[in-house]
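What follows is the content of input_19.txt (compact mmCIF, C-alpha atoms).
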# COMPACT_ATOMS: atom_id res chain seq x y z
CA MET A 212 72.11 98.22 -7.09
CA LYS A 213 73.50 101.18 -5.21
CA LYS A 214 72.30 104.13 -7.22
CA PRO A 215 69.45 106.28 -5.95
CA GLU A 216 67.33 105.50 -9.04
CA ASP A 217 67.60 101.77 -8.24
CA ILE A 218 66.26 102.32 -4.73
CA GLU A 219 63.46 104.46 -6.16
CA HIS A 220 62.67 101.69 -8.66
CA ILE A 221 62.53 99.08 -5.89
CA LEU A 222 60.17 101.26 -3.88
CA GLU A 223 57.96 101.85 -6.95
CA VAL A 224 57.68 98.08 -7.53
CA ILE A 225 56.72 97.49 -3.89
CA VAL A 226 54.21 100.38 -3.88
CA ASP A 227 52.55 99.08 -7.08
CA ILE A 228 52.16 95.57 -5.67
CA ALA A 229 50.94 96.90 -2.28
CA SER A 230 48.31 99.01 -4.09
CA GLU A 231 47.27 95.97 -6.14
CA PHE A 232 46.99 93.84 -2.96
CA LEU A 233 44.83 96.46 -1.23
CA GLN A 234 42.55 96.72 -4.28
CA SER A 235 42.21 93.06 -5.25
CA GLU A 236 42.33 91.33 -1.87
CA ILE A 237 40.83 93.93 0.46
CA GLY A 238 38.78 96.16 -1.85
CA ILE A 239 40.53 99.35 -0.79
CA THR A 240 41.52 101.85 -3.45
CA VAL A 241 44.73 103.82 -3.08
CA GLU A 242 43.54 107.31 -3.92
CA LYS A 243 46.97 108.90 -4.29
CA THR A 244 50.60 108.39 -3.39
CA ASN A 245 53.28 110.78 -2.30
CA GLN A 246 56.99 109.90 -2.47
CA LYS A 247 59.68 111.79 -0.63
CA ALA A 248 63.30 111.20 0.25
CA GLU A 249 64.08 111.92 3.88
CA CYS A 250 67.57 113.23 4.37
CA SER A 251 67.39 112.82 8.10
CA SER A 252 68.49 109.60 9.78
CA TYR A 253 65.13 109.34 11.53
CA PHE A 254 61.51 108.84 10.54
CA ARG A 255 58.26 108.68 12.43
CA LEU A 256 56.19 105.51 12.52
CA LYS A 257 52.45 105.03 12.49
CA PRO A 258 50.83 102.82 15.21
CA TYR A 259 51.28 99.46 13.38
CA THR A 260 54.56 98.69 11.63
CA ALA A 261 55.92 95.58 9.95
CA LEU A 262 59.52 95.26 8.76
CA MET A 263 61.32 92.90 6.38
CA SER A 264 64.88 92.67 5.13
CA ILE A 265 65.76 92.05 1.51
CA SER A 266 69.18 90.80 0.47
CA GLY A 267 70.85 89.63 -2.72
CA SER A 268 72.68 91.92 -5.10
CA PHE A 269 71.64 94.71 -2.73
CA SER A 270 70.42 94.81 0.83
CA MET A 271 67.80 96.96 2.46
CA ASN A 272 65.05 97.01 5.07
CA VAL A 273 61.49 97.87 4.14
CA THR A 274 58.77 98.95 6.56
CA PHE A 275 55.00 99.10 6.12
CA SER A 276 53.58 101.49 8.71
CA PHE A 277 49.78 101.70 9.05
CA ASP A 278 47.19 104.00 10.55
CA THR A 279 45.12 101.95 13.02
CA SER A 280 41.92 102.50 11.01
CA LEU A 281 43.53 101.13 7.83
CA ILE A 282 45.10 97.99 9.34
CA GLU A 283 41.84 97.25 11.18
CA GLN A 284 39.95 97.39 7.87
CA VAL A 285 42.56 95.18 6.18
CA TYR A 286 42.26 92.72 9.10
CA LYS A 287 38.46 92.77 8.94
CA VAL A 288 38.38 91.81 5.25
CA TYR A 289 41.47 89.54 5.24
CA CYS A 290 40.13 87.43 8.12
CA HIS A 291 36.40 87.63 7.45
CA GLU A 292 35.98 83.89 6.87
CA LEU A 293 37.98 82.82 9.91
CA GLU A 294 36.78 82.08 13.42
CA ILE A 295 38.86 84.29 15.69
CA GLU A 296 38.46 84.46 19.46
CA ASP A 297 38.33 87.89 21.13
CA ASP A 298 41.67 87.33 22.87
CA GLU A 299 43.33 86.50 19.52
CA ARG A 300 42.24 89.74 17.82
CA LEU A 301 45.25 91.95 18.61
CA ALA A 302 47.73 89.22 17.75
CA HIS A 303 45.91 88.60 14.47
CA ILE A 304 45.99 92.29 13.56
CA ASP A 305 49.79 92.05 13.95
CA GLU A 306 49.74 88.87 11.85
CA THR A 307 47.72 90.67 9.19
CA ALA A 308 50.37 93.40 8.91
CA SER A 309 53.02 90.69 8.87
CA ASP A 310 51.21 88.65 6.16
CA MET A 311 50.64 91.72 4.02
CA ILE A 312 54.30 92.78 3.96
CA ASN A 313 55.34 89.15 3.39
CA ILE A 314 52.98 88.74 0.43
CA VAL A 315 53.83 92.12 -1.12
CA ILE A 316 57.61 91.80 -0.77
CA GLY A 317 57.49 88.13 -1.80
CA ASN A 318 55.41 88.97 -4.87
CA SER A 319 57.94 91.71 -5.70
CA THR A 320 60.96 89.41 -5.74
CA SER A 321 60.74 88.45 -9.42
CA LYS A 322 60.87 92.12 -10.36
CA LEU A 323 63.54 92.91 -7.77
CA ALA A 324 65.92 90.16 -8.94
CA HIS A 325 68.96 91.70 -10.58
CA ASP A 326 71.27 89.90 -13.03
CA GLY A 327 69.73 86.56 -12.05
CA THR A 328 70.77 87.00 -8.43
CA VAL A 329 68.40 85.28 -6.01
CA VAL A 330 66.66 87.78 -3.78
CA GLN A 331 66.40 86.54 -0.19
CA ILE A 332 63.73 87.87 2.12
CA SER A 333 63.61 87.65 5.89
CA VAL A 334 60.79 86.59 8.15
CA PRO A 335 58.57 89.65 8.82
CA ILE A 336 58.91 91.46 12.14
CA VAL A 337 56.07 93.48 13.67
CA ILE A 338 57.03 96.54 15.71
CA ASN A 339 54.49 97.63 18.32
CA GLU A 340 54.37 100.94 20.18
CA ALA A 341 57.50 102.40 18.59
CA SER A 342 57.22 106.00 17.48
CA SER A 343 60.27 106.26 15.24
CA ILE A 344 63.25 104.51 13.66
CA SER A 345 66.66 106.10 13.37
CA ILE A 346 69.75 104.83 11.61
CA ARG A 347 72.88 106.92 11.27
CA ASP A 348 74.09 107.91 7.78
CA VAL A 349 71.18 106.39 5.89
CA LYS A 350 68.73 108.26 3.73
CA PHE A 351 65.16 106.95 3.98
CA LEU A 352 62.89 106.94 0.97
CA THR A 353 59.18 106.90 1.84
CA THR A 354 55.99 106.66 -0.20
CA THR A 355 52.70 107.34 1.55
CA LEU A 356 49.59 105.58 0.23
CA PHE A 357 46.39 107.49 0.95
CA THR A 358 43.10 105.57 1.20
CA GLY A 359 39.58 106.25 2.45
CA PHE A 360 40.38 104.15 5.57
CA GLY A 361 43.63 105.90 6.49
CA ASP A 362 47.20 106.00 5.26
CA MET A 363 50.17 103.70 5.15
CA MET A 364 53.83 104.57 4.66
CA ILE A 365 56.18 102.27 2.80
CA THR A 366 59.78 103.12 3.61
CA ALA A 367 62.95 101.75 2.03
CA MET A 368 66.04 101.85 4.22
CA PRO A 369 69.15 100.80 2.30
CA ASN A 370 71.72 99.07 4.51
CA THR A 371 75.36 99.99 4.91
CA CYS A 372 75.01 103.48 3.51
CA ASP A 373 74.39 102.29 -0.05
CA TYR A 374 72.24 105.33 -0.64
CA ARG A 375 73.16 108.55 1.13
CA MET B 215 39.34 62.57 -4.68
CA LYS B 216 39.50 60.94 -1.26
CA PRO B 217 40.01 63.18 1.79
CA LEU B 218 43.70 63.61 2.56
CA ASN B 219 45.57 63.96 5.85
CA ILE B 220 47.64 67.11 5.36
CA GLN B 221 50.55 68.70 7.22
CA VAL B 222 50.66 72.51 6.97
CA VAL B 223 54.08 74.13 7.41
CA ASP B 224 54.02 77.90 7.89
CA ASP B 225 55.24 80.27 10.60
CA SER B 226 52.22 82.60 10.34
CA ALA B 227 49.32 81.54 12.57
CA LEU B 228 46.93 83.51 10.40
CA THR B 229 48.12 81.89 7.17
CA VAL B 230 47.81 78.48 8.84
CA LYS B 231 44.18 79.30 9.69
CA LYS B 232 43.48 80.42 6.13
CA ILE B 233 45.11 77.36 4.53
CA THR B 234 43.38 75.04 7.02
CA LYS B 235 39.98 76.58 6.25
CA MET B 236 40.55 76.20 2.48
CA LEU B 237 41.74 72.58 2.80
CA GLU B 238 38.84 71.66 5.11
CA ASP B 239 36.41 73.27 2.66
CA LEU B 240 37.88 70.91 0.05
CA GLY B 241 37.13 67.96 2.36
CA HIS B 242 40.67 67.35 3.62
CA LYS B 243 41.91 67.17 7.21
CA VAL B 244 44.86 69.13 8.60
CA VAL B 245 46.50 66.62 10.93
CA GLN B 246 49.65 68.58 11.76
CA VAL B 247 50.79 72.21 11.82
CA SER B 248 54.53 72.95 11.91
CA GLY B 249 55.90 76.47 12.38
CA THR B 250 59.50 75.93 11.28
CA GLY B 251 61.44 73.88 8.76
CA LYS B 252 63.15 71.80 11.43
CA THR B 253 59.94 70.87 13.23
CA ALA B 254 58.35 70.08 9.85
CA ILE B 255 60.90 67.28 9.26
CA PHE B 256 60.35 65.79 12.72
CA ASP B 257 56.56 66.11 12.44
CA TYR B 258 56.53 64.52 8.96
CA GLN B 259 58.30 61.39 10.22
CA TYR B 260 55.89 61.11 13.12
CA MET B 261 52.62 61.87 11.28
CA LYS B 262 53.36 60.47 7.77
CA PRO B 263 50.72 62.74 6.16
CA ASP B 264 49.38 62.16 2.63
CA LEU B 265 50.56 65.63 1.59
CA VAL B 266 52.49 68.61 2.96
CA THR B 267 51.99 72.32 2.19
CA MET B 268 55.29 74.14 2.72
CA ASP B 269 56.12 77.83 3.13
CA ILE B 270 59.58 78.98 1.99
CA THR B 271 60.60 81.80 4.31
CA MET B 272 60.59 80.51 7.89
CA PRO B 273 62.75 80.82 10.99
CA ASP B 274 65.64 78.36 11.54
CA MET B 275 65.32 76.43 8.25
CA ASP B 276 63.79 77.52 4.94
CA GLY B 277 61.10 75.48 3.22
CA ILE B 278 63.30 74.41 0.30
CA THR B 279 65.85 72.84 2.65
CA ALA B 280 63.07 71.22 4.68
CA THR B 281 61.53 69.83 1.47
CA ARG B 282 64.89 68.38 0.39
CA ARG B 283 65.36 66.71 3.82
CA ILE B 284 61.84 65.24 3.83
CA ILE B 285 62.34 63.83 0.32
CA GLU B 286 65.63 62.27 1.50
CA ILE B 287 63.66 60.51 4.24
CA ASP B 288 60.67 59.59 2.07
CA LYS B 289 61.10 59.71 -1.71
CA LYS B 290 57.33 59.47 -2.14
CA ALA B 291 56.55 62.54 0.00
CA ARG B 292 54.06 64.81 -1.75
CA ILE B 293 54.90 68.44 -1.06
CA VAL B 294 53.26 71.58 -2.43
CA MET B 295 54.99 74.91 -1.82
CA ILE B 296 52.68 77.75 -0.71
CA THR B 297 54.67 80.94 -0.68
CA SER B 298 54.69 84.62 -1.53
CA HIS B 299 58.10 84.25 -3.21
CA SER B 300 57.55 84.95 -6.92
CA GLN B 301 61.11 84.66 -8.17
CA LYS B 302 61.52 82.07 -10.95
CA GLN B 303 64.68 80.71 -9.36
CA MET B 304 62.76 79.90 -6.17
CA VAL B 305 60.19 77.91 -8.17
CA MET B 306 63.00 76.00 -9.88
CA ASP B 307 64.81 75.40 -6.58
CA SER B 308 61.58 74.10 -5.03
CA ILE B 309 60.93 71.69 -7.88
CA GLY B 310 64.59 70.67 -7.78
CA ALA B 311 64.21 69.91 -4.07
CA GLY B 312 61.30 67.59 -4.84
CA ALA B 313 58.16 69.74 -4.49
CA LEU B 314 55.30 68.69 -6.78
CA GLY B 315 53.52 72.05 -6.94
CA TYR B 316 53.85 75.76 -6.26
CA VAL B 317 51.00 78.04 -5.15
CA MET B 318 51.48 81.77 -4.73
CA LYS B 319 50.16 83.82 -1.80
CA PRO B 320 47.62 85.37 -1.63
CA ILE B 321 46.15 81.90 -2.11
CA ASP B 322 43.51 81.32 -4.76
CA PRO B 323 41.41 78.37 -3.47
CA GLU B 324 40.97 76.99 -7.01
CA LYS B 325 44.73 76.99 -7.61
CA LEU B 326 45.28 75.31 -4.24
CA LYS B 327 42.70 72.63 -5.14
CA ALA B 328 44.31 72.01 -8.53
CA SER B 329 47.80 71.82 -7.04
CA VAL B 330 46.77 69.39 -4.29
CA GLU B 331 44.96 67.16 -6.81
CA LYS B 332 47.90 67.21 -9.22
CA ALA B 333 50.41 66.39 -6.47
CA TYR B 334 48.26 63.54 -5.16
CA ALA B 335 47.80 62.12 -8.68
CA LYS B 336 51.57 61.90 -9.17
CA LYS B 337 52.69 58.32 -9.78
CA PHE B 338 56.11 57.38 -8.44
CA LYS B 339 58.34 54.94 -10.30
CA LYS B 340 58.88 51.59 -8.62
CA LYS B 341 62.47 50.86 -7.61
This structure in structure tokens:
Amino acid sequence: MKKPEDIEHILEVIVDIASEFLQSEIGITVEKTNQKAECSSYFRLKPYTALMSISGSFSMNVTFSFDTSLIEQVYKVYCHELEIEDDERLAHIDETASDMINIVIGNSTSKLAHDGTVVQISVPIVINEASSISIRDVKFLTTTLFTGFGDMMITAMPNTCDYR
Amino acid sequence: MKPLNIQVVDDSALTVKKITKMLEDLGHKVVQVSGTGKTAIFDYQYMKPDLVTMDITMPDMDGITATRRIIEIDKKARIVMITSHSQKQMVMDSIGAGALGYVMKPIDPEKLKASVEKAYAKKFKKK
């Protein structure tokens, strides 16, 4: 799993399941997507970002980076039945981003498994108030999902220079 | 079915709230919440719940290992995995560890209800 087309395939699987989650669970339609490979070792983040690591026959980090308006809408629908105190709101918006990446990446694992290898996924991490991520010698591959509530970027960052 | 005392094991506070709401809507009571695999084992021994819902990916100890350890302590423990992990091998590993059911996130309340009922209906062989 080191070839560029494999990384593109992984990202496509994740983007499809993220779009399905937004549509079926939240009622948000992804109007269009735009994939691009970033040759730089640096990419800009949106205000809310969640990160997970995938390992198995390949290893990579994946980030979901959201416009504030989009994650707030996801939170509003995802938590609509729950009683949430005012002082819990910000923490629960972070948890929403964390739950979404966990569900999407977890639901992707059957399609990401390669040659029967078990795909391990990490606990999600939420990154607040960071404007960019940079890793030397790694090529980022990003797909942006455009919706009526704002955009989100899904970025695959292969580890250990698998994909340069 | 009679109301059950349930232990929820998950590291996401939001997921715990969602699972708790669904279980309470079904008439059950969440008597213990555990955020890691290690605390789940300790809490199980202390609370002796009727049933446990167990996440897989958690800090310090994964849910499959925690399930195996709880079953070692109590062979009649009723554990249902609630996880986003869709890989077939994970389902098989969970069942191999002793889990009686497997519900995928995002959680469908009907599937959760069916899994809880099926796990509780399980009859264990007498020694």
Original post:
Counting all atoms listed in the file, which residues of chain B come no farther than 6 Å from chain A, as JSON, numbers by chain?
Top reply: {"B": [298, 299, 300, 301]}
Original post:
What is the atom CA of B:Lys262-atom CA of B:Lys232 distance in Å, reported with one decimal?
Top reply: 22.3 Å
Listed atoms of stretch 242-256 of chain B boxed axis-aligned with 3 Å per side, centre + edges as lines of an AutoDock Vina configuration file:
center_x = 51.9
center_y = 71.1
center_z = 8.4
size_x = 28.5
size_y = 16.7
size_z = 15.6
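Note that the spacing between atom CA of A:Leu356 and atom CA of A:Lys243 amounts to 6.2 Å.
Checking A:Phe360, A:Tyr253, A:Tyr286, A:Tyr259 one by one against A:Thr274, counting all atoms listed in the file, you find the shortest gap at A:Tyr259.
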**OP:** Dump as an NGL selection string all residues having an atom at most 12 Å from (43.1, 82.3, -0.4), computed in the file's coordinates with all atoms listed in the file.
**Re:** (:A and (235-237 or 289-293 or 314)) or (:B and (228-237 or 239 or 296-298 or 317-327))
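If you look at atom CA of B:Gly277 and atom CA of B:Leu265, they are 14.5 Å away from each other.
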**OP:** Determine, counting all atoms listed in the file, which protein, DNA and RNA residues have an atom within 6 Å of an atom of B:Met295; residues of the same chain fewer than 6 positions away are not included. Present the result as a PyMOL selection string.
**Re:** chain B and resi 267-269+316
Subject >> Polymer residues at most 12 Å from (46.7, 107.8, 8.5) by only C-alpha atoms, as number ranges by chain >> reply: A: 256-259, 276-283, 355-364
Write the selection just made, keeping C-alpha atoms, as an mmCIF file, keeping the file's coordinate frame?
data_model
loop_
_atom_site.group_PDB
_atom_site.id
_atom_site.type_symbol
_atom_site.label_atom_id
_atom_site.label_comp_id
_atom_site.auth_asym_id
_atom_site.auth_seq_id
_atom_site.Cartn_x
_atom_site.Cartn_y
_atom_site.Cartn_z
ATOM 1 C CA LEU A 256 56.190 105.510 12.520
ATOM 2 C CA LYS A 257 52.450 105.030 12.490
ATOM 3 C CA PRO A 258 50.830 102.820 15.210
ATOM 4 C CA TYR A 259 51.280 99.460 13.380
ATOM 5 C CA SER A 276 53.580 101.490 8.710
ATOM 6 C CA PHE A 277 49.780 101.700 9.050
ATOM 7 C CA ASP A 278 47.190 104.000 10.550
ATOM 8 C CA THR A 279 45.120 101.950 13.020
ATOM 9 C CA SER A 280 41.920 102.500 11.010
ATOM 10 C CA LEU A 281 43.530 101.130 7.830
ATOM 11 C CA ILE A 282 45.100 97.990 9.340
ATOM 12 C CA GLU A 283 41.840 97.250 11.180
ATOM 13 C CA THR A 355 52.700 107.340 1.550
ATOM 14 C CA LEU A 356 49.590 105.580 0.230
ATOM 15 C CA PHE A 357 46.390 107.490 0.950
ATOM 16 C CA THR A 358 43.100 105.570 1.200
ATOM 17 C CA GLY A 359 39.580 106.250 2.450
ATOM 18 C CA PHE A 360 40.380 104.150 5.570
ATOM 19 C CA GLY A 361 43.630 105.900 6.490
ATOM 20 C CA ASP A 362 47.200 106.000 5.260
ATOM 21 C CA MET A 363 50.170 103.700 5.150
ATOM 22 C CA MET A 364 53.830 104.570 4.660
#
**OP:** Choose the residue, out of B:Thr279, B:Val305, B:Tyr334, B:Gly310, that has the smallest atom-to-atom separation from B:Asn219; count all atoms listed in the file.
**Re:** B:Tyr334
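The environment of A:Thr366 within 6 Å, counting all atoms listed in the file and disregarding residues fewer than 4 places along the same chain, consists of Val273, Thr274, Leu352 and Thr353 of chain A.
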**OP:** Extract, using all atoms listed in the file, all DNA, RNA and protein residues at most 9 Å from B:Lys336, discarding same-chain residues fewer than 4 positions from it, and format them as an MDAnalysis selection string.
**Re:** chainID B and resid 292 314 331:332
Kindly save the residues from that selection, with C-alpha atoms included, as a short mmCIF file (atom, residue, chain, number, x, y, z; two decimals), in the coordinates of the input.
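Just written: result22.cif:
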data_model
loop_
_atom_site.label_atom_id
_atom_site.label_comp_id
_atom_site.auth_asym_id
_atom_site.auth_seq_id
_atom_site.Cartn_x
_atom_site.Cartn_y
_atom_site.Cartn_z
CA ARG B 292 54.06 64.81 -1.75
CA LEU B 314 55.30 68.69 -6.78
CA GLU B 331 44.96 67.16 -6.81
CA LYS B 332 47.90 67.21 -9.22
#
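Nearest residue to B:Gly241, choosing from B:Asp264, B:Ser226, B:Lys216, B:Tyr258 and counting all atoms listed in the file: B:Lys216.
Neighbouring residues of A:Phe254 at 8 Å or closer, counting all atoms listed in the file and skipping chain neighbours under 4 positions away, are Glu249, Ser343, Ile344, Ser345 and Phe351 of chain A.
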